[in-house]
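What follows is a set of notes on a single structure, which appears directly below.
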Amino acid sequence: MERVSTPSLTTSLPVPAHAARLREALLAAAFTADGLLDLLGAPAYAALARSETVPALRATRGDSPLETLVRLFLLQEAVAPDRAAATLPLDEALADGWVVREDGAVRATVDVRPYGGPDGEDWFIVSDLGCAVGGAGGIGKKEEGVVLGVGGASTTLAGITVRTPVAAALDLGTGSGIQALHAARHATRVTATDLNPRALDFTRLTLALSGAREAALLAGSLYEPVEGDTYDLVVSNPPFVISPGSGLTYRDGGMSGDDLCRTLVQQAGERLNDGGYAQFLANWQHVEGEEWQDRLRSWVPRGCDAWIVQREVQDVTQYTELWLRDSGDHRGDPEAYRAAYGRWLDAFEATGTKAIGFGWITLRRDPAVAAGKAEPSIVIEEWPHPVEQPLGPHVRAHFERQEYLRDHDDAALLEDRFTLAPEVVQEQVGLPGAEDPEHVVLRQNRGMRRATRVDHVGAGFAGVCDGTLSAGRILDAIAQLTGEDPVLLRDRTPQAIRLLVEEGFITPESLLPEGPAGG
């Protein structure tokens, strides 16, 4: 059948009155992440993530309920009314506005994407037509007010978020509601905000169709809708793109440069309860004559520890091209595209911006730091290498280790016991046939997948860390084996032990899940 035209964003959105019935029908037809993979096969499934729909269209030429749902909600193809009626509670879906009749056929009014939750939950993300990852790409040049589905940034933030049970969570700039959906699993109360009222409507649909609890949905910019409230968790995948204008709500911050991300981070401290986390994705400027680490350090609010990871850097031409293509500007008038490109470069030149960084920012409000009784731990690093998601447990462990190191001087460190992380392996580097390696590398196969170079003492120390002996006793034994002065070895080794603890190669006994409470 012919592809129908994408409706205007002024079209009324569905209401969730019978969302439970629709959810039952979707699940009965195996319209799930696993069901899609089984039906389409890996190549067609992967092609959808690239917005290539032909393989999926070829795989859904039959009349099964699952094929009908894929064509209707994921590929946005019109389907025959009898096929729709055999698959959906059609009267209710029509009445609620999930689908409409047009030219003798039935078509979807929104994009519905199956999404697998972290514990095997079958969820559904609702967004504007063509705007789910793997959707049909029905919207060419994106319009103001459009609400996107789940993309790589969304899943990245969901993966790095600390998932401990909390009383209150805030999803700031909720979009289609994916972060609120995740938060509903472990937060008693979830609040979702967005400057775009359409986004709140989509979040309501996403939560309802996924069978999740309702959230408090508030319209407004930044923290304005929740003035005076505090939370145990704040998450945000904000409109972080640094652009010369604010034409697209889902993307452009509407402030100068990286001011939106800076404001979001700086004001987070007063929104956090003690021990609470705030986690963001962000872009930041690399400005001529300024270290980017210093720029980000100035963002960290008082009373908070911080871990900031730069994952990628693009020069201003790459960055401009990426986001002009994202909005579809390259498909229009070539002269208009060149003019837009020039405006972006003019704006970067005016501020001395030579590149744009992208990464993760995590804050933790520490009561001791907030009271001025301890110095904050602010770690800012560049890590473009592959990581293993979900990273949430590793993020939490990072802050626990930082607090431990702050509270333990070298003498206390040597009295403590440590355990080698189970995923750590040792690599010896040297010439083939050489009697001794040139150096030894410890490598993690989980989480951040770090590697660190150690000497023979560090390798020997890590290798016998099983929680049995204190660090001092291990060093005494190494000194006896190597003939080194045990006093000198105790003096020079704590710094290396601190690095192994900081990067997660060894864990203090008190921080192990089965260990005693306290630090």
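Residues are referred to by chain and number: the chain letter is A, B, ... according to the order shown in the structure tokens, the number counts from 1 in that chain, and ligands are numbered separately from 1 in the order shown.
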>> Give me, as a PyMOL selection string, the residues of segment 60-271 of chain A that a backbone DSSP run labels strand (DSSP E or B).
In response: chain A and resi 79+99-102+105-108+111-116+122-127+166-172+187-194+216-219+231-236+241+252
Output N, CA and C atoms for every residue in the selection just made, as a CSV table (one decimal), in the first residue's frame.
chain,number,residue,atom,x,y,z
A,79,VAL,N,-2.9,0.0,6.8
A,79,VAL,CA,-3.3,-1.4,6.8
A,79,VAL,C,-4.8,-1.5,6.6
A,99,VAL,N,-5.3,5.3,16.3
A,99,VAL,CA,-5.3,5.1,14.9
A,99,VAL,C,-6.5,5.9,14.3
A,100,VAL,N,-6.5,6.1,13.0
A,100,VAL,CA,-7.6,6.8,12.3
A,100,VAL,C,-7.9,6.0,11.0
A,101,ARG,N,-9.1,6.2,10.5
A,101,ARG,CA,-9.4,5.7,9.2
A,101,ARG,C,-9.2,6.8,8.2
A,102,GLU,N,-8.6,6.4,7.1
A,102,GLU,CA,-8.3,7.4,6.0
A,102,GLU,C,-8.2,6.6,4.7
A,105,ALA,N,-8.5,2.9,4.7
A,105,ALA,CA,-7.5,2.1,5.4
A,105,ALA,C,-7.3,2.7,6.8
A,106,VAL,N,-6.6,2.0,7.6
A,106,VAL,CA,-6.3,2.4,9.0
A,106,VAL,C,-4.8,2.7,9.1
A,107,ARG,N,-4.5,3.9,9.7
A,107,ARG,CA,-3.1,4.2,9.9
A,107,ARG,C,-2.9,4.7,11.4
A,108,ALA,N,-1.7,4.6,11.8
A,108,ALA,CA,-1.4,5.1,13.2
A,108,ALA,C,-1.2,6.6,13.2
A,111,ASP,N,3.9,7.0,16.7
A,111,ASP,CA,4.9,5.9,16.6
A,111,ASP,C,5.0,5.2,17.9
A,112,VAL,N,4.9,3.9,17.9
A,112,VAL,CA,4.9,3.0,19.0
A,112,VAL,C,6.1,2.0,18.8
A,113,ARG,N,7.1,2.1,19.7
A,113,ARG,CA,8.3,1.3,19.6
A,113,ARG,C,8.4,0.4,20.8
A,114,PRO,N,8.4,-1.0,20.6
A,114,PRO,CA,8.7,-1.9,21.7
A,114,PRO,C,10.1,-1.6,22.3
A,115,TYR,N,10.2,-1.7,23.6
A,115,TYR,CA,11.4,-1.4,24.3
A,115,TYR,C,11.5,-2.4,25.5
A,116,GLY,N,12.7,-3.1,25.5
A,116,GLY,CA,12.9,-4.0,26.6
A,116,GLY,C,13.4,-3.4,27.9
A,122,ASP,N,8.4,-5.6,29.2
A,122,ASP,CA,7.9,-5.2,27.9
A,122,ASP,C,7.3,-3.8,28.0
A,123,TRP,N,8.0,-2.9,27.5
A,123,TRP,CA,7.6,-1.5,27.5
A,123,TRP,C,7.4,-1.0,26.1
A,124,PHE,N,6.7,0.2,26.0
A,124,PHE,CA,6.4,0.8,24.7
A,124,PHE,C,6.6,2.3,24.8
A,125,ILE,N,7.5,2.8,23.9
A,125,ILE,CA,7.8,4.2,23.8
A,125,ILE,C,7.0,4.9,22.7
A,126,VAL,N,6.2,5.9,23.1
A,126,VAL,CA,5.3,6.5,22.1
A,126,VAL,C,5.9,7.9,21.8
A,127,SER,N,6.0,8.2,20.5
A,127,SER,CA,6.6,9.4,20.0
A,127,SER,C,5.9,9.9,18.7
A,166,VAL,N,14.5,4.8,45.8
A,166,VAL,CA,14.5,6.2,46.3
A,166,VAL,C,13.0,6.6,46.5
A,167,ALA,N,12.9,7.7,47.3
A,167,ALA,CA,11.5,8.2,47.6
A,167,ALA,C,11.0,9.0,46.4
A,168,ALA,N,11.9,9.9,45.9
A,168,ALA,CA,11.5,10.9,44.9
A,168,ALA,C,12.5,11.0,43.8
A,169,ALA,N,12.0,11.0,42.5
A,169,ALA,CA,12.9,11.1,41.4
A,169,ALA,C,12.3,12.2,40.4
A,170,LEU,N,13.2,12.9,39.8
A,170,LEU,CA,12.8,14.0,38.8
A,170,LEU,C,13.4,13.7,37.5
A,171,ASP,N,12.6,13.6,36.4
A,171,ASP,CA,13.0,13.5,35.1
A,171,ASP,C,12.8,14.9,34.4
A,172,LEU,N,13.9,15.6,34.2
A,172,LEU,CA,13.8,17.0,33.8
A,172,LEU,C,14.0,17.0,32.3
A,187,ALA,N,11.5,4.3,42.2
A,187,ALA,CA,11.2,5.5,42.9
A,187,ALA,C,9.7,5.5,43.3
A,188,THR,N,9.5,5.8,44.6
A,188,THR,CA,8.1,5.9,45.0
A,188,THR,C,7.3,6.9,44.3
A,189,ARG,N,7.9,8.1,44.1
A,189,ARG,CA,7.2,9.2,43.4
A,189,ARG,C,8.1,9.7,42.3
A,190,VAL,N,7.5,9.8,41.1
A,190,VAL,CA,8.3,10.3,39.9
A,190,VAL,C,7.6,11.6,39.4
A,191,THR,N,8.4,12.6,39.2
A,191,THR,CA,8.0,13.8,38.6
A,191,THR,C,8.7,14.0,37.3
A,192,ALA,N,7.9,14.3,36.2
A,192,ALA,CA,8.5,14.6,34.9
A,192,ALA,C,8.1,15.9,34.4
A,193,THR,N,9.1,16.7,33.9
A,193,THR,CA,8.8,18.0,33.4
A,193,THR,C,9.3,18.2,32.0
A,194,ASP,N,8.7,19.2,31.3
A,194,ASP,CA,9.2,19.5,30.0
A,194,ASP,C,8.7,20.9,29.6
A,216,ALA,N,3.8,12.6,38.1
A,216,ALA,CA,3.4,14.0,38.1
A,216,ALA,C,4.0,14.7,37.0
A,217,LEU,N,3.2,15.2,36.1
A,217,LEU,CA,3.7,15.8,34.8
A,217,LEU,C,3.5,17.4,34.9
A,218,LEU,N,4.6,18.1,34.8
A,218,LEU,CA,4.6,19.5,35.0
A,218,LEU,C,5.3,20.2,33.8
A,219,ALA,N,4.7,21.3,33.3
A,219,ALA,CA,5.2,22.0,32.2
A,219,ALA,C,6.0,23.2,32.7
A,231,TYR,N,14.9,16.1,45.7
A,231,TYR,CA,14.8,14.8,45.2
A,231,TYR,C,16.0,13.9,45.5
A,232,ASP,N,15.8,12.6,45.5
A,232,ASP,CA,16.9,11.7,45.7
A,232,ASP,C,17.6,11.4,44.4
A,233,LEU,N,16.9,11.6,43.3
A,233,LEU,CA,17.5,11.4,42.0
A,233,LEU,C,17.0,12.4,41.0
A,234,VAL,N,17.9,13.1,40.3
A,234,VAL,CA,17.5,14.0,39.2
A,234,VAL,C,18.2,13.4,37.9
A,235,VAL,N,17.5,13.2,36.9
A,235,VAL,CA,18.1,12.8,35.6
A,235,VAL,C,17.6,13.8,34.5
A,236,SER,N,18.4,14.0,33.5
A,236,SER,CA,18.0,14.8,32.4
A,236,SER,C,18.9,14.6,31.2
A,241,VAL,N,22.1,20.8,22.5
A,241,VAL,CA,22.8,21.2,21.3
A,241,VAL,C,23.2,22.7,21.4
A,252,ASP,N,17.5,22.2,20.9
A,252,ASP,CA,18.2,23.5,21.1
A,252,ASP,C,17.9,24.1,22.5
> What's the 12 Å shell around Ala278 of chain A, counting only C-alpha atoms, without same-chain residues fewer than 3 positions away, as a PyMOL selection string?
Replying inline: chain A and resi 157+160-163+169-172+230-237+264-275+281+300-301+304-308+360-366+395-396
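Using only C-alpha atoms, the smallest distance between any of A:Leu414, A:Ala434, A:Leu48, A:Ala199 and Leu74 of chain A comes from A:Leu48.
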>> Residues near Trp383 of chain A, anyone? I mean within 9 Å using only C-alpha atoms, not counting same-chain ones fewer than 6 positions away, as an NGL selection string.
In response: :A and (309-312 or 448)
Go ahead and write the selection's residues with all heavy atoms as a short mmCIF file (atom, residue, chain, number, x, y, z; two decimals), in the first residue's frame.
data_model
loop_
_atom_site.label_atom_id
_atom_site.label_comp_id
_atom_site.auth_asym_id
_atom_site.auth_seq_id
_atom_site.Cartn_x
_atom_site.Cartn_y
_atom_site.Cartn_z
N VAL A 309 32.68 12.77 32.65
CA VAL A 309 33.38 11.95 31.66
C VAL A 309 33.13 12.53 30.27
O VAL A 309 31.97 12.58 29.82
CB VAL A 309 32.91 10.48 31.71
CG1 VAL A 309 33.70 9.64 30.70
CG2 VAL A 309 33.07 9.91 33.12
N GLN A 310 34.19 12.96 29.62
CA GLN A 310 34.06 13.41 28.23
C GLN A 310 34.20 12.20 27.32
O GLN A 310 35.24 11.56 27.29
CB GLN A 310 35.12 14.46 27.90
CG GLN A 310 35.04 14.97 26.46
CD GLN A 310 35.86 16.21 26.24
OE1 GLN A 310 35.40 17.33 26.42
NE2 GLN A 310 37.12 16.03 25.85
N ARG A 311 33.15 11.93 26.55
CA ARG A 311 33.12 10.74 25.70
C ARG A 311 33.51 11.02 24.26
O ARG A 311 33.95 10.13 23.54
CB ARG A 311 31.72 10.12 25.73
CG ARG A 311 31.29 9.60 27.07
CD ARG A 311 32.01 8.31 27.41
NE ARG A 311 31.55 7.21 26.57
CZ ARG A 311 32.25 6.10 26.34
NH1 ARG A 311 33.47 5.97 26.85
NH2 ARG A 311 31.76 5.13 25.58
N GLU A 312 33.35 12.26 23.82
CA GLU A 312 33.59 12.56 22.41
C GLU A 312 33.87 14.05 22.26
O GLU A 312 33.34 14.87 23.02
CB GLU A 312 32.36 12.17 21.58
CG GLU A 312 32.51 12.35 20.08
CD GLU A 312 31.25 11.93 19.32
OE1 GLU A 312 30.27 11.50 19.98
OE2 GLU A 312 31.26 12.04 18.08
N MET A 448 33.81 0.27 33.13
CA MET A 448 34.57 1.23 32.33
C MET A 448 35.66 0.57 31.50
O MET A 448 36.23 1.20 30.61
CB MET A 448 35.18 2.29 33.25
CG MET A 448 34.17 3.20 33.93
SD MET A 448 33.30 4.28 32.78
CE MET A 448 34.58 5.49 32.41
#
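Atom CA of Arg343 of chain A lies 27.2 Å from atom CA of Gln293 of chain A.
From atom CA of Asp38 of chain A back to atom CA of Gly117 of chain A, the distance works out to 17.5 Å.
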> Got a sec: who's within 10 Å of Ser176 of chain A, counting only C-alpha atoms, leaving out chain neighbours fewer than 5 positions off, as a VMD selection string?
Replying inline: chain A and resid 125 to 128 132 147 to 150 154 181 194 198 to 207
Just N, CA and C atoms for this one: save the residues we selected as a JSON list (two decimals), in the first residue's frame.
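Final output, result08.json:
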[["chain", "number", "residue", "atom", "x", "y", "z"],
["A", 125, "ILE", "N", 7.45, 2.79, 23.87],
["A", 125, "ILE", "CA", 7.77, 4.21, 23.84],
["A", 125, "ILE", "C", 6.96, 4.85, 22.73],
["A", 126, "VAL", "N", 6.20, 5.88, 23.08],
["A", 126, "VAL", "CA", 5.30, 6.55, 22.13],
["A", 126, "VAL", "C", 5.92, 7.90, 21.77],
["A", 127, "SER", "N", 5.97, 8.18, 20.46],
["A", 127, "SER", "CA", 6.56, 9.43, 19.99],
["A", 127, "SER", "C", 5.85, 9.87, 18.72],
["A", 128, "ASP", "N", 6.30, 10.99, 18.18],
["A", 128, "ASP", "CA", 5.74, 11.46, 16.92],
["A", 128, "ASP", "C", 6.08, 10.49, 15.80],
["A", 132, "ALA", "N", 10.75, 7.55, 16.21],
["A", 132, "ALA", "CA", 11.36, 6.54, 17.06],
["A", 132, "ALA", "C", 12.61, 6.03, 16.35],
["A", 147, "VAL", "N", 8.36, 15.49, 19.16],
["A", 147, "VAL", "CA", 8.81, 14.67, 20.29],
["A", 147, "VAL", "C", 9.42, 13.39, 19.75],
["A", 148, "LEU", "N", 10.69, 13.19, 20.05],
["A", 148, "LEU", "CA", 11.41, 12.03, 19.55],
["A", 148, "LEU", "C", 11.22, 10.83, 20.46],
["A", 149, "GLY", "N", 11.50, 9.66, 19.90],
["A", 149, "GLY", "CA", 11.49, 8.43, 20.67],
["A", 149, "GLY", "C", 12.84, 8.17, 21.31],
["A", 150, "VAL", "N", 13.13, 6.90, 21.51],
["A", 150, "VAL", "CA", 14.37, 6.53, 22.21],
["A", 150, "VAL", "C", 15.53, 6.50, 21.23],
["A", 154, "SER", "N", 19.35, 8.58, 24.92],
["A", 154, "SER", "CA", 18.38, 8.16, 25.93],
["A", 154, "SER", "C", 18.81, 6.88, 26.62],
["A", 181, "LEU", "N", 10.02, 6.39, 32.87],
["A", 181, "LEU", "CA", 9.62, 4.98, 32.87],
["A", 181, "LEU", "C", 10.61, 4.14, 33.66],
["A", 194, "ASP", "N", 8.74, 19.17, 31.33],
["A", 194, "ASP", "CA", 9.21, 19.50, 29.98],
["A", 194, "ASP", "C", 8.67, 20.88, 29.60],
["A", 198, "ARG", "N", 3.48, 18.96, 24.59],
["A", 198, "ARG", "CA", 3.29, 17.71, 23.85],
["A", 198, "ARG", "C", 4.11, 16.57, 24.44],
["A", 199, "ALA", "N", 5.31, 16.91, 24.92],
["A", 199, "ALA", "CA", 6.17, 15.87, 25.51],
["A", 199, "ALA", "C", 5.50, 15.25, 26.74],
["A", 200, "LEU", "N", 4.85, 16.07, 27.54],
["A", 200, "LEU", "CA", 4.16, 15.54, 28.72],
["A", 200, "LEU", "C", 3.03, 14.61, 28.31],
["A", 201, "ASP", "N", 2.33, 14.94, 27.24],
["A", 201, "ASP", "CA", 1.27, 14.06, 26.74],
["A", 201, "ASP", "C", 1.86, 12.73, 26.28],
["A", 202, "PHE", "N", 3.00, 12.79, 25.61],
["A", 202, "PHE", "CA", 3.64, 11.55, 25.15],
["A", 202, "PHE", "C", 4.14, 10.73, 26.33],
["A", 203, "THR", "N", 4.67, 11.39, 27.34],
["A", 203, "THR", "CA", 5.11, 10.65, 28.53],
["A", 203, "THR", "C", 3.94, 9.93, 29.18],
["A", 204, "ARG", "N", 2.81, 10.60, 29.26],
["A", 204, "ARG", "CA", 1.61, 9.96, 29.82],
["A", 204, "ARG", "C", 1.25, 8.71, 29.02],
["A", 205, "LEU", "N", 1.33, 8.79, 27.70],
["A", 205, "LEU", "CA", 1.01, 7.64, 26.85],
["A", 205, "LEU", "C", 2.03, 6.52, 27.04],
["A", 206, "THR", "N", 3.32, 6.89, 27.09],
["A", 206, "THR", "CA", 4.36, 5.88, 27.28],
["A", 206, "THR", "C", 4.18, 5.13, 28.59],
["A", 207, "LEU", "N", 3.92, 5.85, 29.67],
["A", 207, "LEU", "CA", 3.74, 5.20, 30.97],
["A", 207, "LEU", "C", 2.50, 4.31, 30.97]]
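Atom pair atom CA of Gly145 of chain A / atom CA of Ser327 of chain A has a distance of 12.4 Å (rounded to one decimal).
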